[in-house]
Structure formats: C-alpha cells, structure tokens
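The next block is my_file.cif, given as mmCIF, C-alpha atoms and all ligand atoms.
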data_query
loop_
_atom_site.label_atom_id
_atom_site.label_comp_id
_atom_site.auth_asym_id
_atom_site.auth_seq_id
_atom_site.Cartn_x
_atom_site.Cartn_y
_atom_site.Cartn_z
CA MET L 1 -37.70 -3.63 -59.19
CA SER L 2 -36.22 -6.59 -61.08
CA GLY L 3 -39.48 -8.50 -60.79
CA GLN L 4 -37.52 -11.65 -59.89
CA ARG L 5 -39.51 -14.00 -57.64
CA VAL L 6 -38.08 -15.80 -54.58
CA ARG L 7 -39.55 -18.24 -52.11
CA ARG L 8 -39.02 -17.40 -48.44
CA SER L 9 -39.76 -19.28 -45.22
CA VAL L 10 -41.91 -16.98 -43.11
CA ILE L 11 -42.50 -17.41 -39.37
CA ARG L 12 -46.30 -17.54 -38.99
CA GLY L 13 -46.58 -18.26 -35.27
CA SER L 14 -44.89 -19.62 -32.18
CA GLY L 15 -45.84 -21.63 -29.12
CA SER L 16 -44.19 -23.15 -26.09
CA ALA L 17 -44.83 -25.51 -23.19
CA LEU L 18 -43.23 -26.02 -19.81
CA PRO L 19 -43.70 -28.83 -17.28
CA GLU L 20 -45.99 -28.19 -14.32
CA THR L 21 -43.26 -28.22 -11.70
CA CYS L 22 -40.86 -25.32 -11.22
CA VAL L 23 -37.80 -26.05 -9.03
CA THR L 24 -35.89 -23.12 -7.52
CA ASN L 25 -32.19 -23.17 -6.67
CA ALA L 26 -33.07 -23.20 -2.97
CA GLU L 27 -35.22 -26.33 -3.45
CA LEU L 28 -32.40 -27.98 -5.45
CA ALA L 29 -29.89 -27.15 -2.71
CA LYS L 30 -31.88 -29.41 -0.35
CA ARG L 31 -30.89 -32.49 -2.38
CA VAL L 32 -27.66 -31.41 -4.14
CA ASP L 33 -24.47 -30.01 -2.54
CA THR L 34 -24.88 -26.49 -3.97
CA THR L 35 -26.17 -23.04 -3.10
CA ASP L 36 -28.47 -20.48 -4.70
CA GLU L 37 -25.56 -17.99 -4.56
CA TRP L 38 -23.16 -20.24 -6.54
CA ILE L 39 -25.72 -21.03 -9.25
CA VAL L 40 -26.85 -17.41 -9.68
CA GLU L 41 -23.31 -16.01 -9.69
CA ARG L 42 -21.85 -18.57 -12.14
CA THR L 43 -24.84 -19.01 -14.47
CA GLY L 44 -27.66 -16.51 -13.85
CA ILE L 45 -30.05 -19.45 -13.31
CA ARG L 46 -32.66 -19.05 -10.53
CA ALA L 47 -35.18 -21.78 -11.41
CA ARG L 48 -35.95 -24.51 -13.95
CA TYR L 49 -38.98 -26.66 -14.86
CA ILE L 50 -38.70 -30.43 -14.35
CA ALA L 51 -41.02 -32.89 -16.09
CA ASN L 52 -43.08 -35.29 -13.97
CA ALA L 53 -43.53 -38.96 -14.92
CA SER L 54 -46.50 -38.24 -17.21
CA GLU L 55 -44.75 -35.38 -19.06
CA THR L 56 -42.52 -36.50 -21.93
CA THR L 57 -40.60 -34.84 -24.73
CA SER L 58 -43.42 -35.67 -27.17
CA SER L 59 -46.18 -34.42 -24.85
CA LEU L 60 -44.39 -31.08 -24.30
CA ALA L 61 -43.62 -30.87 -28.03
CA THR L 62 -47.26 -31.54 -28.93
CA LEU L 63 -48.51 -28.80 -26.59
CA ALA L 64 -46.00 -26.28 -27.94
CA ALA L 65 -46.96 -27.27 -31.51
CA GLN L 66 -50.70 -26.84 -30.81
CA ARG L 67 -50.05 -23.34 -29.42
CA ALA L 68 -47.88 -22.42 -32.45
CA ILE L 69 -50.58 -23.67 -34.83
CA ALA L 70 -53.21 -21.60 -32.98
CA ALA L 71 -50.95 -18.50 -33.09
CA ALA L 72 -50.46 -19.03 -36.84
CA GLY L 73 -54.22 -19.21 -37.34
CA ILE L 74 -54.03 -22.42 -39.37
CA ALA L 75 -55.30 -25.97 -38.91
CA ALA L 76 -53.08 -28.90 -37.91
CA SER L 77 -54.04 -30.49 -41.25
CA ASP L 78 -52.19 -27.63 -43.03
CA ILE L 79 -48.86 -28.92 -41.66
CA ASP L 80 -46.89 -31.13 -44.07
CA LEU L 81 -43.44 -31.07 -42.43
CA ILE L 82 -42.52 -31.64 -38.78
CA ILE L 83 -38.95 -31.52 -37.51
CA VAL L 84 -38.28 -32.10 -33.82
CA ALA L 85 -34.85 -31.12 -32.52
CA THR L 86 -34.16 -33.24 -29.46
CA ALA L 87 -31.46 -35.19 -27.69
CA THR L 88 -34.02 -36.75 -25.33
CA PRO L 89 -36.63 -38.48 -27.52
CA ASP L 90 -39.35 -40.63 -25.93
CA GLN L 91 -37.79 -43.71 -27.53
CA THR L 92 -34.66 -44.43 -29.60
CA PHE L 93 -37.10 -44.74 -32.48
CA PRO L 94 -39.60 -43.94 -33.97
CA ALA L 95 -38.73 -40.28 -34.29
CA CYS L 96 -40.45 -38.02 -31.78
CA ALA L 97 -41.71 -36.02 -34.78
CA THR L 98 -43.86 -38.96 -35.88
CA ILE L 99 -45.44 -39.14 -32.40
CA VAL L 100 -46.18 -35.41 -32.52
CA GLN L 101 -47.59 -35.79 -36.04
CA HIS L 102 -49.95 -38.52 -34.86
CA ASN L 103 -50.97 -36.50 -31.76
CA LEU L 104 -51.82 -33.55 -34.01
CA GLY L 105 -53.67 -35.73 -36.49
CA CYS L 106 -51.82 -34.46 -39.57
CA ASN L 107 -50.34 -37.75 -40.79
CA GLY L 108 -48.94 -38.13 -44.31
CA GLY L 109 -46.32 -35.38 -44.62
CA ILE L 110 -42.62 -35.42 -43.70
CA ALA L 111 -41.66 -36.02 -40.04
CA PHE L 112 -38.22 -36.62 -38.55
CA ASP L 113 -35.92 -35.65 -35.64
CA VAL L 114 -32.58 -33.90 -35.74
CA ALA L 115 -29.86 -34.57 -33.18
CA ALA L 116 -27.60 -31.58 -32.76
CA VAL L 117 -28.18 -31.16 -29.02
CA CYS L 118 -28.33 -27.49 -27.95
CA SER L 119 -27.91 -26.30 -31.58
CA GLY L 120 -30.67 -28.65 -32.71
CA PHE L 121 -33.25 -25.93 -33.21
CA LEU L 122 -30.90 -24.02 -35.54
CA TYR L 123 -30.21 -27.22 -37.50
CA ALA L 124 -33.96 -27.89 -37.67
CA MET L 125 -34.82 -24.35 -38.82
CA THR L 126 -32.15 -24.45 -41.51
CA THR L 127 -33.33 -27.85 -42.74
CA ALA L 128 -36.98 -26.77 -42.77
CA ASP L 129 -36.04 -23.58 -44.65
CA ALA L 130 -34.28 -25.65 -47.33
CA LEU L 131 -37.20 -28.09 -47.66
CA LEU L 132 -39.76 -25.27 -47.88
CA ARG L 133 -37.78 -23.26 -50.43
CA GLY L 134 -37.15 -26.45 -52.43
CA GLY L 135 -40.88 -27.12 -52.71
CA ASN L 136 -40.92 -30.31 -50.61
CA ALA L 137 -43.44 -28.87 -48.18
CA ARG L 138 -45.62 -25.82 -47.69
CA ARG L 139 -46.04 -25.41 -43.94
CA ALA L 140 -43.58 -26.68 -41.35
CA LEU L 141 -43.59 -27.14 -37.62
CA VAL L 142 -40.08 -26.70 -36.27
CA ILE L 143 -39.93 -27.85 -32.67
CA GLY L 144 -37.22 -27.94 -30.01
CA ALA L 145 -38.25 -30.23 -27.14
CA GLU L 146 -36.28 -31.79 -24.30
CA THR L 147 -36.56 -33.62 -21.01
CA PHE L 148 -32.90 -33.28 -20.01
CA SER L 149 -33.83 -34.00 -16.37
CA ARG L 150 -34.05 -37.66 -17.43
CA ILE L 151 -30.37 -37.82 -18.50
CA LEU L 152 -28.88 -35.81 -15.63
CA ASP L 153 -26.66 -37.36 -12.97
CA TRP L 154 -28.33 -35.91 -9.89
CA ASP L 155 -25.15 -36.69 -7.88
CA ASP L 156 -23.04 -34.45 -10.15
CA ARG L 157 -23.51 -30.89 -8.95
CA THR L 158 -21.37 -29.52 -11.79
CA THR L 159 -24.08 -30.40 -14.33
CA CYS L 160 -27.45 -31.18 -12.68
CA VAL L 161 -28.09 -27.61 -11.55
CA LEU L 162 -27.73 -26.24 -15.08
CA PHE L 163 -30.55 -27.85 -17.06
CA GLY L 164 -34.34 -27.85 -17.31
CA ASP L 165 -37.16 -29.28 -19.45
CA GLY L 166 -39.51 -27.67 -21.97
CA ALA L 167 -40.51 -27.24 -25.60
CA GLY L 168 -40.93 -24.46 -28.15
CA ALA L 169 -42.28 -24.48 -31.69
CA LEU L 170 -42.49 -22.28 -34.78
CA VAL L 171 -44.78 -22.56 -37.79
CA LEU L 172 -42.87 -21.71 -40.98
CA GLU L 173 -44.69 -21.16 -44.26
CA ALA L 174 -43.28 -21.01 -47.81
CA VAL L 175 -44.28 -17.67 -49.35
CA ASP L 176 -43.41 -16.43 -52.85
CA GLY L 177 -42.46 -12.77 -53.16
CA ASP L 178 -40.37 -10.18 -54.94
CA ALA L 179 -36.60 -10.68 -54.57
CA ASP L 180 -36.08 -6.91 -54.18
CA ASP L 181 -38.61 -6.51 -51.36
CA MET L 182 -36.17 -5.91 -48.49
CA ALA L 183 -39.02 -5.40 -45.99
CA ALA L 184 -40.59 -8.81 -46.70
CA PRO L 185 -40.68 -11.22 -43.75
CA GLY L 186 -38.80 -14.50 -43.89
CA ILE L 187 -35.52 -16.27 -43.20
CA ILE L 188 -32.68 -14.25 -44.72
CA ALA L 189 -29.53 -16.26 -43.97
CA THR L 190 -28.48 -19.41 -42.10
CA ARG L 191 -25.10 -20.93 -41.22
CA LEU L 192 -24.35 -24.20 -39.38
CA HIS L 193 -21.06 -25.72 -38.16
CA ALA L 194 -19.77 -28.76 -36.30
CA ASP L 195 -16.36 -29.81 -35.00
CA GLY L 196 -16.34 -33.44 -33.91
CA ALA L 197 -12.83 -33.10 -32.45
CA TYR L 198 -14.59 -31.79 -29.33
CA ASN L 199 -17.22 -34.48 -28.95
CA ASP L 200 -15.81 -35.57 -25.57
CA MET L 201 -16.43 -32.13 -24.01
CA LEU L 202 -20.20 -32.51 -23.73
CA TYR L 203 -21.73 -35.95 -24.20
CA VAL L 204 -23.93 -38.69 -22.77
CA ASP L 205 -22.04 -41.75 -21.50
CA GLY L 206 -24.40 -44.34 -22.94
CA GLY L 207 -26.44 -45.29 -25.98
CA PRO L 208 -28.09 -48.17 -27.87
CA SER L 209 -25.00 -49.21 -29.81
CA THR L 210 -22.48 -48.96 -26.94
CA THR L 211 -23.87 -49.59 -23.46
CA GLN L 212 -27.51 -50.38 -24.34
CA THR L 213 -28.41 -47.82 -21.65
CA VAL L 214 -29.59 -44.24 -21.97
CA GLY L 215 -26.55 -42.84 -20.13
CA LYS L 216 -25.98 -39.60 -18.24
CA LEU L 217 -24.85 -36.16 -19.37
CA ARG L 218 -21.14 -35.34 -18.85
CA MET L 219 -19.56 -31.94 -19.47
CA LYS L 220 -16.21 -30.19 -19.19
CA GLY L 221 -17.95 -26.90 -18.46
CA ARG L 222 -15.00 -24.55 -18.55
CA GLU L 223 -13.87 -25.77 -22.01
CA VAL L 224 -17.42 -25.60 -23.39
CA PHE L 225 -17.76 -22.06 -22.06
CA ARG L 226 -14.54 -20.91 -23.76
CA HIS L 227 -15.48 -22.38 -27.16
CA ALA L 228 -19.09 -21.16 -26.92
CA VAL L 229 -18.17 -17.48 -26.83
CA VAL L 230 -15.63 -17.77 -29.69
CA ASN L 231 -17.84 -19.95 -31.94
CA LEU L 232 -21.01 -17.94 -31.37
CA ALA L 233 -19.36 -14.59 -32.04
CA SER L 234 -17.82 -16.03 -35.20
CA VAL L 235 -21.06 -17.54 -36.63
CA LEU L 236 -23.02 -14.39 -35.81
CA ALA L 237 -20.48 -12.29 -37.70
CA GLU L 238 -20.60 -14.80 -40.57
CA VAL L 239 -24.41 -14.62 -40.92
CA LEU L 240 -24.40 -10.81 -40.69
CA ALA L 241 -21.76 -10.71 -43.46
CA VAL L 242 -23.85 -13.05 -45.67
CA ALA L 243 -26.83 -10.72 -45.19
CA GLY L 244 -24.72 -7.58 -45.74
CA MET L 245 -25.70 -6.27 -42.31
CA THR L 246 -24.06 -5.24 -39.04
CA SER L 247 -25.16 -5.92 -35.48
CA ALA L 248 -26.71 -2.41 -35.49
CA ASP L 249 -29.34 -3.73 -37.97
CA LEU L 250 -30.63 -6.29 -35.45
CA ASP L 251 -33.68 -5.60 -33.31
CA TRP L 252 -33.22 -8.74 -31.23
CA VAL L 253 -30.88 -11.66 -30.62
CA VAL L 254 -32.54 -14.85 -29.37
CA PRO L 255 -29.64 -16.93 -28.09
CA HIS L 256 -29.39 -20.43 -26.70
CA GLN L 257 -29.79 -20.03 -22.95
CA ALA L 258 -26.89 -21.91 -21.33
CA ASN L 259 -25.32 -19.33 -19.06
CA TYR L 260 -25.92 -15.60 -18.63
CA ARG L 261 -22.16 -15.01 -18.74
CA ILE L 262 -22.00 -16.57 -22.24
CA LEU L 263 -24.86 -14.32 -23.46
CA ASP L 264 -23.15 -11.29 -22.00
CA ALA L 265 -19.67 -12.09 -23.35
CA THR L 266 -21.00 -12.89 -26.85
CA ALA L 267 -23.04 -9.66 -26.97
CA ARG L 268 -20.00 -7.63 -25.91
CA LYS L 269 -17.84 -9.21 -28.64
CA LEU L 270 -20.37 -8.02 -31.23
CA SER L 271 -20.94 -4.62 -29.55
CA LEU L 272 -24.60 -5.55 -29.06
CA PRO L 273 -26.44 -3.71 -26.28
CA ALA L 274 -27.68 -6.08 -23.55
CA GLU L 275 -31.26 -4.74 -24.03
CA LYS L 276 -31.39 -6.42 -27.46
CA VAL L 277 -30.67 -9.90 -26.07
CA ILE L 278 -33.64 -12.04 -24.98
CA VAL L 279 -32.78 -13.70 -21.66
CA THR L 280 -34.78 -16.57 -20.15
CA VAL L 281 -31.94 -18.60 -18.63
CA ASP L 282 -32.86 -17.18 -15.20
CA HIS L 283 -36.26 -18.93 -15.14
CA HIS L 284 -35.86 -21.77 -17.71
CA ALA L 285 -32.18 -22.76 -17.15
CA ASN L 286 -30.60 -24.59 -20.11
CA THR L 287 -33.33 -26.51 -21.97
CA SER L 288 -30.99 -27.53 -24.82
CA ALA L 289 -32.80 -27.56 -28.19
CA ALA L 290 -35.92 -26.05 -26.61
CA SER L 291 -34.25 -22.91 -25.29
CA VAL L 292 -34.28 -20.75 -28.45
CA PRO L 293 -37.96 -21.28 -29.39
CA LEU L 294 -38.99 -20.99 -25.70
CA ALA L 295 -37.22 -17.62 -25.46
CA TYR L 296 -38.62 -16.45 -28.81
CA ASP L 297 -42.19 -17.36 -27.88
CA GLU L 298 -41.93 -15.59 -24.54
CA ALA L 299 -40.68 -12.38 -26.19
CA VAL L 300 -43.38 -12.51 -28.89
CA ARG L 301 -46.16 -13.05 -26.36
CA ASP L 302 -44.98 -10.24 -24.06
CA GLY L 303 -44.85 -7.86 -27.05
CA ARG L 304 -41.10 -7.26 -27.28
CA ILE L 305 -40.61 -9.02 -30.65
CA ARG L 306 -43.07 -7.59 -33.18
CA PRO L 307 -43.78 -8.03 -36.90
CA GLY L 308 -41.08 -6.39 -39.02
CA HIS L 309 -38.31 -6.88 -36.46
CA MET L 310 -34.93 -8.30 -37.52
CA VAL L 311 -34.14 -11.27 -35.28
CA MET L 312 -30.97 -13.35 -34.98
CA PHE L 313 -31.28 -16.86 -33.52
CA GLU L 314 -28.10 -18.62 -32.35
CA ALA L 315 -26.90 -21.66 -30.41
CA MET L 316 -23.88 -23.79 -29.57
CA GLY L 317 -23.74 -27.21 -27.97
CA GLY L 318 -22.49 -30.79 -27.85
CA GLY L 319 -20.58 -32.09 -30.86
CA PHE L 320 -19.49 -29.30 -30.87
CA THR L 321 -22.24 -27.93 -33.08
CA TRP L 322 -23.20 -24.30 -33.56
CA GLY L 323 -25.19 -22.12 -35.88
CA ALA L 324 -27.21 -18.97 -36.45
CA VAL L 325 -30.32 -17.99 -38.40
CA LEU L 326 -31.31 -14.43 -39.36
CA ALA L 327 -34.97 -13.68 -40.07
CA ARG L 328 -37.31 -10.74 -40.45
CA VAL L 329 -40.40 -11.76 -38.48
O1 LIG K 1 -25.74 -25.99 -23.64
C1 LIG K 1 -24.50 -26.35 -24.14
C2 LIG K 1 -23.50 -25.38 -23.77
N1 LIG K 1 -23.19 -25.50 -22.36
C3 LIG K 1 -22.59 -24.51 -21.81
O2 LIG K 1 -22.43 -23.51 -22.48
C4 LIG K 1 -22.05 -24.60 -20.41
C5 LIG K 1 -20.76 -23.85 -20.38
N2 LIG K 1 -20.11 -23.82 -19.08
C6 LIG K 1 -20.56 -23.10 -18.04
O3 LIG K 1 -21.62 -22.50 -18.11
C7 LIG K 1 -19.69 -22.99 -16.82
O4 LIG K 1 -18.41 -23.47 -17.10
C8 LIG K 1 -20.28 -23.75 -15.59
C9 LIG K 1 -21.50 -23.03 -15.08
C10 LIG K 1 -20.61 -25.17 -15.98
C11 LIG K 1 -19.25 -23.78 -14.45
O5 LIG K 1 -18.86 -22.47 -14.10
P1 LIG K 1 -17.32 -22.15 -13.88
O6 LIG K 1 -17.23 -20.74 -13.46
O7 LIG K 1 -16.60 -22.56 -15.13
O8 LIG K 1 -16.95 -23.06 -12.64
P2 LIG K 1 -15.89 -24.24 -12.54
O9 LIG K 1 -16.33 -25.44 -13.31
O10 LIG K 1 -14.55 -23.68 -12.83
O11 LIG K 1 -15.98 -24.60 -11.00
C12 LIG K 1 -15.61 -23.65 -9.98
C13 LIG K 1 -15.79 -24.25 -8.60
C14 LIG K 1 -15.21 -25.64 -8.46
O12 LIG K 1 -14.63 -25.73 -7.17
P3 LIG K 1 -13.04 -25.60 -6.98
O13 LIG K 1 -12.45 -26.69 -7.81
O14 LIG K 1 -12.70 -24.22 -7.49
O15 LIG K 1 -12.87 -25.74 -5.51
C15 LIG K 1 -16.40 -26.57 -8.52
O16 LIG K 1 -16.21 -27.77 -7.80
O17 LIG K 1 -17.19 -24.41 -8.32
C16 LIG K 1 -17.47 -25.74 -7.86
N3 LIG K 1 -18.80 -26.12 -8.27
C17 LIG K 1 -19.91 -25.90 -7.54
N4 LIG K 1 -20.08 -25.35 -6.32
C18 LIG K 1 -21.37 -25.24 -5.87
C19 LIG K 1 -19.18 -26.70 -9.44
N5 LIG K 1 -20.51 -26.87 -9.48
C20 LIG K 1 -21.00 -26.38 -8.31
C21 LIG K 1 -22.29 -26.25 -7.77
N6 LIG K 1 -22.43 -25.68 -6.56
N7 LIG K 1 -23.39 -26.65 -8.44
#
Representation of the structure as structure tokens:
Amino acid sequence: MSGQRVRRSVIRGSGSALPETCVTNAELAKRVDTTDEWIVERTGIRARYIANASETTSSLATLAAQRAIAAAGIAASDIDLIIVATATPDQTFPACATIVQHNLGCNGGIAFDVAAVCSGFLYAMTTADALLRGGNARRALVIGAETFSRILDWDDRTTCVLFGDGAGALVLEAVDGDADDMAAPGIIATRLHADGAYNDMLYVDGGPSTTQTVGKLRMKGREVFRHAVVNLASVLAEVLAVAGMTSADLDWVVPHQANYRILDATARKLSLPAEKVIVTVDHHANTSAASVPLAYDEAVRDGRIRPGHMVMFEAMGGGFTWGAVLARV
C-alpha cells in the first residue's frame, strides 16, 4: 500500500418518480396514426408515463430526490449541491435545481441545471464528481428530470410515440480513502463529448431568444440512431481504457433508454451479454435525462444491482452530446 489518499464520489442512494398516468401503445394509437406493432418492432417501447397538469419537472424531481435521500439514510439538510439535468425546466429561469432545493428545505448550497438533453445526467454526474472531489461540496443530489410530453408535437407520429416523463436521482458523497483500495466504492472514470455540427438532427424549434415560444421537439431519427451506436460504443471503450478494464469487468451497463435496438447494437459492438444491460425502455420509453437514473433505481430496488458491482452509465442525445461514467457502487 502506498498510503496515498484520494477523494472519491460514492453513490449513497437512489430514488425515482413517475407520473400517475401510464399510456400504452394501444391507447396512443387511438389519437395518433400508429400501431402497437410498429412501435414495439422499431423501438421496444410498450408504454410510457405522461405527466398531468399538476405534475411538473420540479415536482417529479423533488419526489425522486426525497426517495434518494431516504435510501441514503441522510437528512435533506446534509445536501449542499443539487444539479438537475433537464431540457424541460418548469420555467426558463430560475433553475429547476433551486426549486427542488427550496422544496427540500436545504437552501444555501450550490444549485443549478445542466442542459445536455438525453446525456444530461452523465454531464451532471461528471460535474458533481468534480465539485465533490475539489472540495466544493460534501453531499450532492444529481437528478435527471423531464416532462418531454410538454414539448412533443402530438401530430408528428415519428416522434410523439417515443418519449415519456419521469425523474431519477442519486445521492453522491465525497469520501476519502486509500488510492490503492481497488474494491472501494466510487466513481472511477468519466468522459463527455459534444459535436455541435449535428445540432439540427435533434432539437426544439423554439426558445426565449428566437421565437419567444417553448417550441416542439424535431428529430431526424435515422441519423440519430446511426450516430448513437457509433458514439456510445466509442465512449464506452474510451472509459474502459481509462480505467484499465474490459467489458468483461462490468457487472452492469445502465444505458440511456431511447430504443431497444440501440441498446442491443451497442452491447453487441462491445461483446457485452444482453443480460448485463438494464432495460426499461419498454415501460418508460425515452425519458431523456431521467432515463439513466430511473433505470438504475429500478435495478437497485429489484436487487439486480448490489453493493460492490461495477456499473457503467452511458447516454447520447441532442447536440449531439454523449458520455459515460464508470462507478463501483
Ligand atoms: O434520446 C436521444 C436519442 N434518440 C434516439 O436515439 C432515437 C434514434 N432513432 C430511432 O430510434 C429510430 O430511428 C426511430 C424509432 C425514430 C424510427 O425508426 P426507423 O426504423 O429509423 O424508422 P424510419 O424513420 O425509417 O421510418 C420507417 C417508416 C416510415 O414510413 P415509410 O417512409 O417507410 O413509408 C415512417 O413514416 O415508418 C413510418 N413511421 C411510423 N409508422 C407507424 C414513422 N413513425 C411511425 C409511427 N407509426 N409512429
């Protein structure tokens, strides 16, 4: 043992929240020109949750945060950093994170949102990890929360069937330990990327500074699909190389849930068995920044992901943005 000390960001607990209303493909097909068969065959999606008028991004985020705090066995007042990854905040400003902070009653620490769409949770985790290791905060809430149903064009069947609403949260805590302790829990490696040359592939056609409207989601699905598989396989290989590991060292991959075919193709590229990939796209659809923590929380609560497991988180989305985080939980 070298005796050298390092600070790691350790996942202490997770929580999630879904809207009350679940909408199946068959129910959607009553108001959109689509079929259950098409949606299942092309995406693996069977149902999604849609927020009602009283459910907002901040209310879902707050519920997920409260559940993560309870799972971590801490008090809300212990939290001194809140990052909310969202592309659908309650308002243009203030940041959704400040609303969540006030709802939790832990005012005074750091609170801000990150906008990296479907990769937002990876951007938020990486930022929280840096702030915790740098000594800016001790315990962080990292939240992905979305109400994408509010920015969907319900007359565009090529996009509206793909998305759902929800929120997921992790509590991360800064813990000092021995640098040589390879079994210690904590975030091991992170990598983020963006390529703005593709920002017209997946975007919202409005905003405060252009149309002064919220706008609707637009996507060139086939192009996004093609880039997703290539970019995700590449960033996963990059993070494994940084950690000096191979895909055989992973217990679980918790991917962004956009399309079952993307999960399958990415796993094949890395020779990862399908049993190691957490899949929730069938019952959550694509919940953008919320999808990774929602999937993680589900797999922790049903006992699949357990303490000591090596878990890879990954996502790709509008921007394009993409990234991956490797952690021992
Ligand atoms: O979260 C950020 C990342 N997002 C993604 O990763 C999404 C990536 N893209 C995808 O998942 C897929 O490209 C889609 C699911 C969006 C589309 O699947 P696809 O296999 O690429 O289908 P397509 O766009 O090539 O469309 C095939 C056909 C078209 O008809 P024609 O032109 O072949 O006659 C569409 O008009 O399917 C038709 N179609 C539909 N039919 C029934 C498109 N949407 C629907 C629908 N119901 N909802």
List as a list in words the protein and nucleic acid residues near L:Phe112, meaning an atom at most 9 Å away when all atoms listed in the file are counted, but skip any in the same chain fewer than 6 places from it.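 Residues meeting the cut-off are Leu81, Ile82, Ile83, Val84, Ala85, Pro94, Ala95, Cys96, Ala97 and Thr98 of chain L.
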What's the separation between atom CA of L:Ala241 and atom CA of L:Ala189, in Å to one decimal place?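 Spanning atom CA of L:Ala241 to atom CA of L:Ala189 is a straight-line distance of 9.6 Å.
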Atom pair atom C1 of ligand LIG 1 (chain K) / atom CA of L:Ala145: separation (Å):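 Computing it gives 14.6 Å between the two atoms.
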Separation of atom CA of L:Arg226 from atom CA of L:Arg31 in Å: 29.3 Å
Which residue out of L:Ile305, L:Leu232, L:Val214, L:Val32 has the minimum interatomic distance to L:Leu250 when all atoms listed in the file are used? L:Ile305
Could you build a table of the residues in chain L lying no more than 6 Å from ligand LIG 1 (chain K), giving for each the nearest pair of atoms and their separation in Å rounded to one decimal place, using all atoms listed in the file, ordered by chain and ascending residue number, as a Markdown table?
| residue | atom | partner | partner_atom | distance |
| --- | --- | --- | --- | --- |
| L:Thr34 | CA | K:LIG1 | N6 | 3.7 |
| L:Thr35 | CA | K:LIG1 | N6 | 5.7 |
| L:Trp38 | CA | K:LIG1 | C18 | 5.4 |
| L:Arg42 | CA | K:LIG1 | O6 | 5.3 |
| L:Thr43 | CA | K:LIG1 | C9 | 5.3 |
| L:Cys118 | CA | K:LIG1 | O1 | 5.2 |
| L:Arg157 | CA | K:LIG1 | N7 | 4.3 |
| L:Thr158 | CA | K:LIG1 | N5 | 3.6 |
| L:Val161 | CA | K:LIG1 | N7 | 5.7 |
| L:Gly221 | CA | K:LIG1 | O4 | 3.7 |
| L:Arg222 | CA | K:LIG1 | O4 | 3.9 |
| L:Val224 | CA | K:LIG1 | C5 | 4.8 |
| L:Phe225 | CA | K:LIG1 | C5 | 3.9 |
| L:Ala258 | CA | K:LIG1 | O1 | 4.8 |
| L:Asn259 | CA | K:LIG1 | O3 | 5.0 |
| L:Ser288 | CA | K:LIG1 | O1 | 5.6 |
| L:Gly317 | CA | K:LIG1 | C1 | 4.0 |
Is there a way to get, as JSON, numbers by chain, all residues within 12 Å of the point (-37.8, -15.8, -51.1) in file coordinates, counting all atoms listed in the file? {"L": [4, 5, 6, 7, 8, 9, 10, 129, 130, 132, 133, 134, 135, 173, 174, 175, 176, 177, 178, 179, 180, 181, 182, 183, 184, 185, 186, 187, 188, 189, 327, 328]}
Suppose we keep C-alpha atoms; can you now write the selection as a PDB file, in the coordinates of the input?
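The result, written out as selection.pdb:
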ATOM      1  CA  GLN L   4     -37.520 -11.650 -59.890  1.00  0.00           C
ATOM      2  CA  ARG L   5     -39.510 -14.000 -57.640  1.00  0.00           C
ATOM      3  CA  VAL L   6     -38.080 -15.800 -54.580  1.00  0.00           C
ATOM      4  CA  ARG L   7     -39.550 -18.240 -52.110  1.00  0.00           C
ATOM      5  CA  ARG L   8     -39.020 -17.400 -48.440  1.00  0.00           C
ATOM      6  CA  SER L   9     -39.760 -19.280 -45.220  1.00  0.00           C
ATOM      7  CA  VAL L  10     -41.910 -16.980 -43.110  1.00  0.00           C
ATOM      8  CA  ASP L 129     -36.040 -23.580 -44.650  1.00  0.00           C
ATOM      9  CA  ALA L 130     -34.280 -25.650 -47.330  1.00  0.00           C
ATOM     10  CA  LEU L 132     -39.760 -25.270 -47.880  1.00  0.00           C
ATOM     11  CA  ARG L 133     -37.780 -23.260 -50.430  1.00  0.00           C
ATOM     12  CA  GLY L 134     -37.150 -26.450 -52.430  1.00  0.00           C
ATOM     13  CA  GLY L 135     -40.880 -27.120 -52.710  1.00  0.00           C
ATOM     14  CA  GLU L 173     -44.690 -21.160 -44.260  1.00  0.00           C
ATOM     15  CA  ALA L 174     -43.280 -21.010 -47.810  1.00  0.00           C
ATOM     16  CA  VAL L 175     -44.280 -17.670 -49.350  1.00  0.00           C
ATOM     17  CA  ASP L 176     -43.410 -16.430 -52.850  1.00  0.00           C
ATOM     18  CA  GLY L 177     -42.460 -12.770 -53.160  1.00  0.00           C
ATOM     19  CA  ASP L 178     -40.370 -10.180 -54.940  1.00  0.00           C
ATOM     20  CA  ALA L 179     -36.600 -10.680 -54.570  1.00  0.00           C
ATOM     21  CA  ASP L 180     -36.080  -6.910 -54.180  1.00  0.00           C
ATOM     22  CA  ASP L 181     -38.610  -6.510 -51.360  1.00  0.00           C
ATOM     23  CA  MET L 182     -36.170  -5.910 -48.490  1.00  0.00           C
ATOM     24  CA  ALA L 183     -39.020  -5.400 -45.990  1.00  0.00           C
ATOM     25  CA  ALA L 184     -40.590  -8.810 -46.700  1.00  0.00           C
ATOM     26  CA  PRO L 185     -40.680 -11.220 -43.750  1.00  0.00           C
ATOM     27  CA  GLY L 186     -38.800 -14.500 -43.890  1.00  0.00           C
ATOM     28  CA  ILE L 187     -35.520 -16.270 -43.200  1.00  0.00           C
ATOM     29  CA  ILE L 188     -32.680 -14.250 -44.720  1.00  0.00           C
ATOM     30  CA  ALA L 189     -29.530 -16.260 -43.970  1.00  0.00           C
ATOM     31  CA  ALA L 327     -34.970 -13.680 -40.070  1.00  0.00           C
ATOM     32  CA  ARG L 328     -37.310 -10.740 -40.450  1.00  0.00           C
TER      33      ARG L 328
END
Between L:Val229, L:Ala315, L:Ala26, L:Ala116, which has the minimum distance to L:Asp264 (counting all atoms listed in the file)?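 Ranking L:Val229, L:Ala315, L:Ala26, L:Ala116 by distance to L:Asp264, first place goes to L:Val229.
All polymer residues at most 7 Å from (-48.4, -24.9, -20.9), using all atoms listed in the file, appear as Ser16, Ala17, Leu18 and Leu63 of chain L.
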I need the residue nearest L:Val329 from this list: L:Met312, L:Val281, L:Ala115, L:Leu272. Use only C-alpha atoms for the distance.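 Looking at the shortest contact to L:Val329, the residue is L:Met312.
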For a quick check of understanding, using all atoms listed in the file, which of L:Asp165, L:Ala324, L:Val171, L:Ser209 has the smallest distance to L:Ile74?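 Closest to L:Ile74 of all the choices is L:Val171.
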From the set L:Leu326, L:Ile278, L:Ala29, L:Val100, which residue has the shortest atom-to-atom contact distance to L:Thr246, counting only C-alpha atoms? L:Leu326
